[in-house]
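Asks: Got a file for you: target14.cif, mmCIF, C-alpha atoms (C1' of nucleotides).
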```cif
data_input
#
loop_
_atom_site.label_atom_id
_atom_site.label_comp_id
_atom_site.auth_asym_id
_atom_site.auth_seq_id
_atom_site.Cartn_x
_atom_site.Cartn_y
_atom_site.Cartn_z
CA MET A 7 -231.08 -92.86 -47.57
CA LYS A 8 -229.07 -93.71 -50.70
CA ILE A 9 -225.67 -95.36 -50.36
CA ALA A 10 -223.41 -96.12 -53.33
CA THR A 11 -220.07 -97.71 -54.13
CA TRP A 12 -217.90 -96.91 -57.14
CA ASN A 13 -214.40 -97.94 -58.11
CA VAL A 14 -213.35 -94.84 -60.06
CA ASN A 15 -209.90 -96.06 -61.26
CA SER A 16 -208.14 -92.75 -60.47
CA LEU A 17 -210.08 -89.95 -58.81
CA GLY A 18 -207.70 -87.49 -60.45
CA VAL A 19 -209.07 -88.46 -63.84
CA ARG A 20 -212.65 -89.21 -62.80
CA LEU A 21 -213.48 -86.27 -60.50
CA PRO A 22 -215.62 -84.44 -63.09
CA GLN A 23 -217.64 -87.63 -63.64
CA VAL A 24 -218.02 -88.13 -59.88
CA LEU A 25 -219.28 -84.57 -59.45
CA ASP A 26 -221.71 -84.98 -62.35
CA TRP A 27 -222.99 -88.25 -60.95
CA LEU A 28 -223.42 -86.83 -57.43
CA ALA A 29 -225.42 -83.93 -58.88
CA ALA A 30 -227.57 -86.31 -60.95
CA THR A 31 -228.24 -88.96 -58.29
CA ALA A 32 -228.04 -87.07 -54.98
CA VAL A 33 -226.78 -90.07 -53.05
CA ASP A 34 -226.27 -89.50 -49.33
CA ILE A 35 -223.12 -91.60 -49.08
CA LEU A 36 -220.66 -92.52 -51.85
CA CYS A 37 -217.81 -94.93 -51.19
CA LEU A 38 -214.92 -94.66 -53.63
CA GLN A 39 -212.12 -97.10 -54.40
CA GLU A 40 -208.90 -96.88 -56.39
CA LEU A 41 -208.35 -93.18 -55.78
CA LYS A 42 -204.72 -93.59 -56.92
CA LEU A 43 -203.80 -90.39 -55.16
CA HIS A 44 -202.33 -89.35 -51.84
CA ASP A 45 -204.45 -87.60 -49.19
CA ASP A 46 -202.84 -84.24 -49.97
CA LYS A 47 -204.11 -84.48 -53.56
CA PHE A 48 -207.68 -85.34 -52.55
CA PRO A 49 -210.18 -82.78 -53.96
CA LEU A 50 -211.72 -81.88 -50.58
CA ASP A 51 -212.78 -78.39 -51.66
CA ALA A 52 -214.63 -79.46 -54.82
CA LEU A 53 -216.50 -82.14 -52.87
CA ARG A 54 -217.30 -79.77 -50.02
CA ASP A 55 -218.71 -77.33 -52.57
CA ALA A 56 -220.85 -80.20 -53.87
CA GLY A 57 -222.19 -80.71 -50.34
CA TYR A 58 -220.14 -83.68 -49.10
CA HIS A 59 -217.96 -84.37 -46.11
CA ALA A 60 -215.14 -86.82 -46.76
CA ALA A 61 -213.06 -89.40 -44.91
CA VAL A 62 -209.97 -90.26 -46.94
CA PHE A 63 -207.33 -92.98 -46.87
CA GLY A 64 -205.29 -92.33 -49.98
CA GLN A 65 -202.23 -93.85 -51.57
CA LYS A 66 -200.08 -92.71 -54.46
CA THR A 67 -200.43 -94.66 -57.75
CA TYR A 68 -202.36 -97.65 -56.36
CA ASN A 69 -205.38 -98.33 -54.12
CA GLY A 70 -206.81 -95.57 -51.94
CA VAL A 71 -210.38 -95.37 -50.56
CA ALA A 72 -212.73 -92.64 -49.37
CA ILE A 73 -216.23 -92.14 -47.98
CA LEU A 74 -218.23 -89.08 -49.07
CA SER A 75 -221.29 -88.15 -47.03
CA ARG A 76 -223.85 -85.37 -46.87
CA LEU A 77 -223.96 -85.90 -43.09
CA PRO A 78 -220.79 -85.61 -40.99
CA LEU A 79 -218.58 -88.66 -40.56
CA ARG A 80 -217.18 -89.75 -37.21
CA ASP A 81 -215.07 -92.54 -35.71
CA VAL A 82 -213.04 -93.02 -38.89
CA ALA A 83 -210.91 -96.19 -38.96
CA LYS A 84 -208.35 -97.11 -41.60
CA ASN A 85 -207.35 -100.59 -42.78
CA ILE A 86 -207.74 -103.72 -40.67
CA PRO A 87 -206.67 -103.57 -37.01
CA GLY A 88 -203.83 -105.98 -36.30
CA PHE A 89 -203.23 -106.71 -39.99
CA GLU A 90 -200.05 -105.05 -41.19
CA ASP A 91 -200.67 -103.68 -44.66
CA ALA A 92 -198.72 -101.16 -46.72
CA GLN A 93 -201.75 -100.77 -49.04
CA SER A 94 -204.68 -98.40 -48.36
CA ARG A 95 -207.72 -100.63 -48.83
CA VAL A 96 -210.28 -100.10 -46.06
CA ILE A 97 -211.90 -97.06 -44.49
CA ALA A 98 -214.82 -97.14 -42.06
CA ALA A 99 -216.88 -94.35 -40.55
CA THR A 100 -220.15 -93.71 -38.72
CA VAL A 101 -222.95 -91.42 -39.87
CA ASP A 102 -225.69 -90.26 -37.51
CA ALA A 103 -228.66 -90.91 -39.76
CA PRO A 104 -232.19 -89.83 -38.77
CA ASP A 105 -233.12 -93.37 -37.70
CA GLY A 106 -229.88 -94.01 -35.82
CA PRO A 107 -226.15 -94.38 -36.26
CA LEU A 108 -225.04 -96.17 -39.41
CA ARG A 109 -221.61 -97.75 -39.74
CA VAL A 110 -220.17 -97.84 -43.26
CA VAL A 111 -217.17 -100.01 -44.10
CA ASN A 112 -215.66 -99.36 -47.52
CA GLY A 113 -213.18 -101.87 -48.97
CA TYR A 114 -211.02 -102.19 -52.04
CA PHE A 115 -210.51 -105.92 -51.82
CA VAL A 116 -207.29 -107.49 -53.07
CA ASN A 117 -207.35 -108.54 -56.73
CA GLY A 118 -205.24 -111.68 -56.30
CA GLN A 119 -204.06 -111.97 -59.91
CA GLU A 120 -203.98 -115.77 -60.16
CA PRO A 121 -204.75 -118.71 -57.86
CA GLY A 122 -201.51 -120.06 -56.40
CA SER A 123 -199.66 -116.76 -56.76
CA GLU A 124 -198.20 -114.74 -53.89
CA LYS A 125 -200.87 -112.11 -54.55
CA PHE A 126 -203.60 -114.71 -54.22
CA ASP A 127 -202.14 -115.78 -50.90
CA TYR A 128 -202.24 -112.13 -49.80
CA LYS A 129 -205.89 -111.98 -50.91
CA MET A 130 -206.74 -114.99 -48.76
CA ARG A 131 -204.95 -113.62 -45.68
CA TRP A 132 -206.54 -110.19 -46.23
CA LEU A 133 -210.01 -111.71 -46.54
CA HIS A 134 -209.53 -113.71 -43.37
CA ALA A 135 -208.41 -110.61 -41.46
CA LEU A 136 -211.33 -108.59 -42.85
CA ARG A 137 -213.77 -111.24 -41.66
CA GLU A 138 -212.48 -110.91 -38.10
CA GLN A 139 -212.69 -107.12 -38.36
CA MET A 140 -216.27 -107.37 -39.59
CA ARG A 141 -217.20 -109.68 -36.73
CA ALA A 142 -216.05 -106.97 -34.31
CA GLU A 143 -217.61 -104.12 -36.33
CA LEU A 144 -220.98 -105.89 -36.41
CA ALA A 145 -220.88 -106.51 -32.66
CA ALA A 146 -220.21 -102.82 -32.04
CA HIS A 147 -222.48 -101.40 -34.79
CA PRO A 148 -225.65 -103.40 -35.53
CA ARG A 149 -226.72 -101.05 -38.32
CA LEU A 150 -223.90 -101.58 -40.79
CA ALA A 151 -223.14 -101.72 -44.51
CA LEU A 152 -220.02 -103.36 -45.96
CA VAL A 153 -219.52 -102.01 -49.48
CA GLY A 154 -216.86 -101.83 -52.12
CA ASP A 155 -214.98 -103.56 -54.89
CA PHE A 156 -214.85 -107.11 -53.56
CA ASN A 157 -213.03 -108.55 -56.57
CA ILE A 158 -215.21 -111.66 -56.15
CA ALA A 159 -218.02 -112.81 -58.43
CA PRO A 160 -220.09 -114.62 -55.77
CA GLU A 161 -222.03 -116.96 -58.08
CA ASP A 162 -221.96 -118.24 -61.64
CA ARG A 163 -224.71 -115.78 -62.62
CA ASP A 164 -222.35 -112.94 -61.64
CA SER A 165 -219.99 -113.72 -64.54
CA PHE A 166 -220.36 -113.43 -68.31
CA ASP A 167 -218.56 -116.77 -68.75
CA PRO A 168 -218.81 -118.88 -65.60
CA ASP A 169 -217.75 -122.10 -67.30
CA GLY A 170 -214.86 -120.68 -69.30
CA LEU A 171 -213.61 -118.81 -66.24
CA ARG A 172 -214.24 -121.53 -63.68
CA GLU A 173 -211.66 -121.49 -60.85
CA THR A 174 -209.89 -118.49 -62.36
CA ILE A 175 -209.45 -115.24 -60.42
CA HIS A 176 -212.71 -113.79 -59.01
CA HIS A 177 -214.37 -117.17 -59.63
CA THR A 178 -212.47 -119.58 -57.39
CA THR A 179 -214.15 -121.72 -54.76
CA GLU A 180 -211.84 -120.23 -52.13
CA GLU A 181 -212.88 -116.67 -52.93
CA ARG A 182 -216.55 -117.63 -52.97
CA LEU A 183 -216.23 -119.35 -49.59
CA HIS A 184 -214.77 -116.13 -48.20
CA PHE A 185 -217.73 -114.19 -49.59
CA GLN A 186 -220.12 -116.69 -48.01
CA ALA A 187 -218.24 -116.42 -44.71
CA LEU A 188 -218.95 -112.68 -44.70
CA LEU A 189 -222.65 -113.38 -45.30
CA ASP A 190 -222.58 -115.91 -42.46
CA LEU A 191 -221.61 -113.12 -40.06
CA GLY A 192 -225.10 -111.69 -40.57
CA LEU A 193 -224.78 -109.78 -43.83
CA THR A 194 -226.99 -109.87 -46.93
CA ASP A 195 -226.12 -109.07 -50.55
CA ALA A 196 -228.59 -106.19 -51.07
CA PHE A 197 -228.58 -106.64 -54.85
CA ARG A 198 -230.00 -110.17 -54.53
CA MET A 199 -232.84 -109.07 -52.25
CA PHE A 200 -234.66 -107.98 -55.42
CA ASP A 201 -235.45 -109.31 -58.88
CA GLN A 202 -232.67 -108.20 -61.21
CA PRO A 203 -232.04 -108.39 -64.93
CA GLU A 204 -230.03 -111.41 -66.06
CA LYS A 205 -226.37 -110.71 -66.74
CA SER A 206 -226.17 -107.75 -64.37
CA PHE A 207 -222.55 -106.70 -64.00
CA SER A 208 -220.62 -103.86 -62.34
CA TRP A 209 -217.29 -104.17 -64.18
CA TRP A 210 -216.35 -104.66 -67.83
CA ASP A 211 -212.86 -105.01 -69.33
CA TYR A 212 -211.74 -101.95 -71.25
CA ARG A 213 -210.45 -104.25 -73.99
CA MET A 214 -212.20 -106.10 -76.78
CA LEU A 215 -215.46 -104.12 -76.51
CA GLY A 216 -216.18 -105.71 -73.14
CA PHE A 217 -218.93 -103.26 -72.19
CA GLN A 218 -220.57 -103.18 -75.62
CA LYS A 219 -220.73 -107.00 -75.57
CA ASN A 220 -221.73 -107.06 -71.87
CA ARG A 221 -218.78 -109.32 -71.10
CA GLY A 222 -218.60 -108.29 -67.44
CA LEU A 223 -218.53 -109.39 -63.83
CA ARG A 224 -220.55 -108.41 -60.78
CA ILE A 225 -217.74 -107.81 -58.29
CA ASP A 226 -218.87 -104.57 -56.61
CA HIS A 227 -221.22 -105.24 -53.73
CA ILE A 228 -223.29 -103.76 -50.93
CA LEU A 229 -223.81 -106.05 -47.95
CA VAL A 230 -226.26 -104.97 -45.26
CA SER A 231 -226.47 -106.19 -41.68
CA ASP A 232 -229.51 -108.01 -40.28
CA ALA A 233 -230.56 -104.81 -38.45
CA LEU A 234 -230.35 -102.72 -41.62
CA ARG A 235 -231.87 -105.26 -44.01
CA PRO A 236 -235.55 -104.54 -43.18
CA ARG A 237 -234.94 -100.92 -44.20
CA VAL A 238 -233.66 -101.74 -47.66
CA THR A 239 -236.19 -100.85 -50.38
CA ALA A 240 -234.12 -101.08 -53.59
CA CYS A 241 -230.72 -101.90 -55.00
CA HIS A 242 -229.50 -101.42 -58.54
CA ILE A 243 -226.45 -101.05 -60.75
CA ASP A 244 -226.27 -97.71 -62.57
CA ARG A 245 -224.69 -98.42 -65.93
CA ALA A 246 -224.86 -94.81 -67.11
CA PRO A 247 -221.38 -93.73 -65.95
CA ARG A 248 -219.83 -96.64 -67.89
CA LYS A 249 -221.14 -94.95 -71.05
CA ASN A 250 -219.22 -91.73 -70.32
CA LYS A 251 -216.27 -90.66 -72.37
CA GLN A 252 -213.15 -91.94 -70.52
CA PRO A 253 -215.15 -94.08 -68.09
CA SER A 254 -213.89 -96.11 -65.16
CA ASP A 255 -214.03 -99.83 -65.92
CA HIS A 256 -216.46 -100.13 -62.96
CA THR A 257 -219.88 -98.54 -62.59
CA PRO A 258 -221.73 -97.60 -59.35
CA VAL A 259 -223.98 -99.86 -57.27
CA VAL A 260 -226.69 -98.06 -55.27
CA VAL A 261 -228.83 -99.16 -52.34
CA GLU A 262 -231.81 -97.34 -50.84
CA CYS A 263 -232.58 -97.84 -47.17
"C1'" DA B 15 -199.63 -118.61 -74.52
"C1'" DT B 16 -200.36 -113.74 -75.48
"C1'" DG B 17 -202.53 -109.31 -76.09
"C1'" DA B 18 -206.24 -106.42 -76.25
"C1'" DC B 19 -207.23 -100.86 -72.80
"C1'" DG B 20 -206.34 -97.46 -69.47
"C1'" DG B 21 -203.83 -95.18 -65.43
"C1'" DT B 22 -199.41 -94.08 -63.15
"C1'" DG B 23 -194.65 -92.97 -62.93
"C1'" DT B 24 -190.72 -92.84 -65.30
"C1'" DG B 25 -188.10 -91.63 -68.94
"C1'" DG B 26 -189.34 -93.54 -74.21
"C1'" DC B 27 -191.29 -98.55 -71.40
"C1'" DA B 28 -192.79 -101.42 -67.05
"C1'" DC B 29 -196.18 -102.52 -63.85
"C1'" DC B 30 -200.82 -103.24 -62.45
"C1'" DG B 31 -205.62 -104.02 -62.82
"C1'" DA B 32 -209.66 -107.95 -63.31
#
```
Turn this file's structure into structure tokens for me.

Replies:
Amino acid sequence: MKIATWNVNSLGVRLPQVLDWLAATAVDILCLQELKLHDDKFPLDALRDAGYHAAVFGQKTYNGVAILSRLPLRDVAKNIPGFEDAQSRVIAATVDAPDGPLRVVNGYFVNGQEPGSEKFDYKMRWLHALREQMRAELAAHPRLALVGDFNIAPEDRDSFDPDGLRETIHHTTEERLHFQALLDLGLTDAFRMFDQPEKSFSWWDYRMLGFQKNRGLRIDHILVSDALRPRVTACHIDRAPRKNKQPSDHTPVVVEC
DNA sequence: ATGACGGTGTGGCACCGA
């Protein structure tokens, strides 16, 4: 089973690249973030023709998340229960995989802009609420993956300039403690289960030749539950889509389990 | 301290992302 996450920075623009990538990689589940379109603009037909079911939680202009799956999706949940939020950032669904039900939680985590800002405060409250949701999700669904654009570089090695960017957004101690708190619930960063190249990143700034100079961050993650972890055989970042014409600034992360 | 690039929506520029 192959599961992937990809922040596409507008599905309206990136749909042809998504279809190409699905055809090339044949992932079973693809979690998308930053759709930037409302549900009624979601390209259900094109994705169905490509062989995928979809659970969608869209939003015009900003945010928006979806789960694509070759197998049907059930028990779809949107956003964080009990946490009032005007922004579409979380969608969860269950797939009945051959070896048992698999719960997938797909998040577009808050950016936070700058420590001390109102948006950073929102990020902290959102992360705290997500943790409580994940505690409940894990209790109900032992076989679980939490994936998405976390907007957190968990360690220094996940940043192209950890010293220059110390305690700036994506790098703050507070954000990293929230990431660790998710791991402490019984989740593992699948990427770090394996030897990986140094300076492996999933996002590069569009500006100043960020990708060409590999000035990036690893902020897109796949966390697997303790019950799913023994099944994981590989995890990698696929840089190929970042080399497309008109790429997203993020590239997909893929896990095999 | 600011802008650099790209997407969206609006209306000829502002806002947001990371």

Asks: When you count only C-alpha atoms, which of these residues is closest to A:Leu77: A:His176, A:Arg54, A:Arg95, A:His44?

Replies: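 Among the listed residues, the smallest separation from A:Leu77 belongs to A:Arg54.
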
Asks: Which residue is closest to B:DG20? Choose from A:Leu171, A:Asn15, A:Arg20, A:Thr31 and count only C-alpha atoms (C1' of nucleotides).

Replies: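 Of A:Leu171, A:Asn15, A:Arg20, A:Thr31, the one nearest B:DG20, counting only C-alpha atoms (C1' of nucleotides), is A:Asn15.
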
Asks: Run the PyMOL selection byres ((chain B) within 10 of (chain A)) against the file shown and list the residues it catches, as number ranges by chain.

Replies: B: 17-23, 30-32

Asks: With C-alpha atoms (C1' of nucleotides) kept, could you save the residues just selected as a short mmCIF file (atom, residue, chain, number, x, y, z; two decimals), in the frame of the given file?

Replies:
```cif
data_model
loop_
_atom_site.label_atom_id
_atom_site.label_comp_id
_atom_site.auth_asym_id
_atom_site.auth_seq_id
_atom_site.Cartn_x
_atom_site.Cartn_y
_atom_site.Cartn_z
"C1'" DG B 17 -202.53 -109.31 -76.09
"C1'" DA B 18 -206.24 -106.42 -76.25
"C1'" DC B 19 -207.23 -100.86 -72.80
"C1'" DG B 20 -206.34 -97.46 -69.47
"C1'" DG B 21 -203.83 -95.18 -65.43
"C1'" DT B 22 -199.41 -94.08 -63.15
"C1'" DG B 23 -194.65 -92.97 -62.93
"C1'" DC B 30 -200.82 -103.24 -62.45
"C1'" DG B 31 -205.62 -104.02 -62.82
"C1'" DA B 32 -209.66 -107.95 -63.31
#
```

Asks: So how far away is atom CA of A:Val260 from atom CA of A:Cys241, in Å?

Replies: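 Spanning atom CA of A:Cys241 to atom CA of A:Val260 is a straight-line distance of 5.6 Å.
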
Asks: Considering all atoms listed in the file, return as a short mmCIF file (atom, residue, chain, number, x, y, z; two decimals) with C-alpha atoms, in the coordinates of the input whatever protein or nucleic-acid residues lie within 10 Å of A:Leu189, sequence-local ones (same chain, fewer than 3 positions apart) excluded.

Replies:
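For reference, selection10.cif as written:
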```cif
data_model
loop_
_atom_site.label_atom_id
_atom_site.label_comp_id
_atom_site.auth_asym_id
_atom_site.auth_seq_id
_atom_site.Cartn_x
_atom_site.Cartn_y
_atom_site.Cartn_z
CA ARG A 137 -213.77 -111.24 -41.66
CA LEU A 183 -216.23 -119.35 -49.59
CA HIS A 184 -214.77 -116.13 -48.20
CA PHE A 185 -217.73 -114.19 -49.59
CA GLN A 186 -220.12 -116.69 -48.01
CA GLY A 192 -225.10 -111.69 -40.57
CA LEU A 193 -224.78 -109.78 -43.83
CA THR A 194 -226.99 -109.87 -46.93
CA ASP A 195 -226.12 -109.07 -50.55
CA LEU A 229 -223.81 -106.05 -47.95
CA VAL A 230 -226.26 -104.97 -45.26
CA SER A 231 -226.47 -106.19 -41.68
#
```
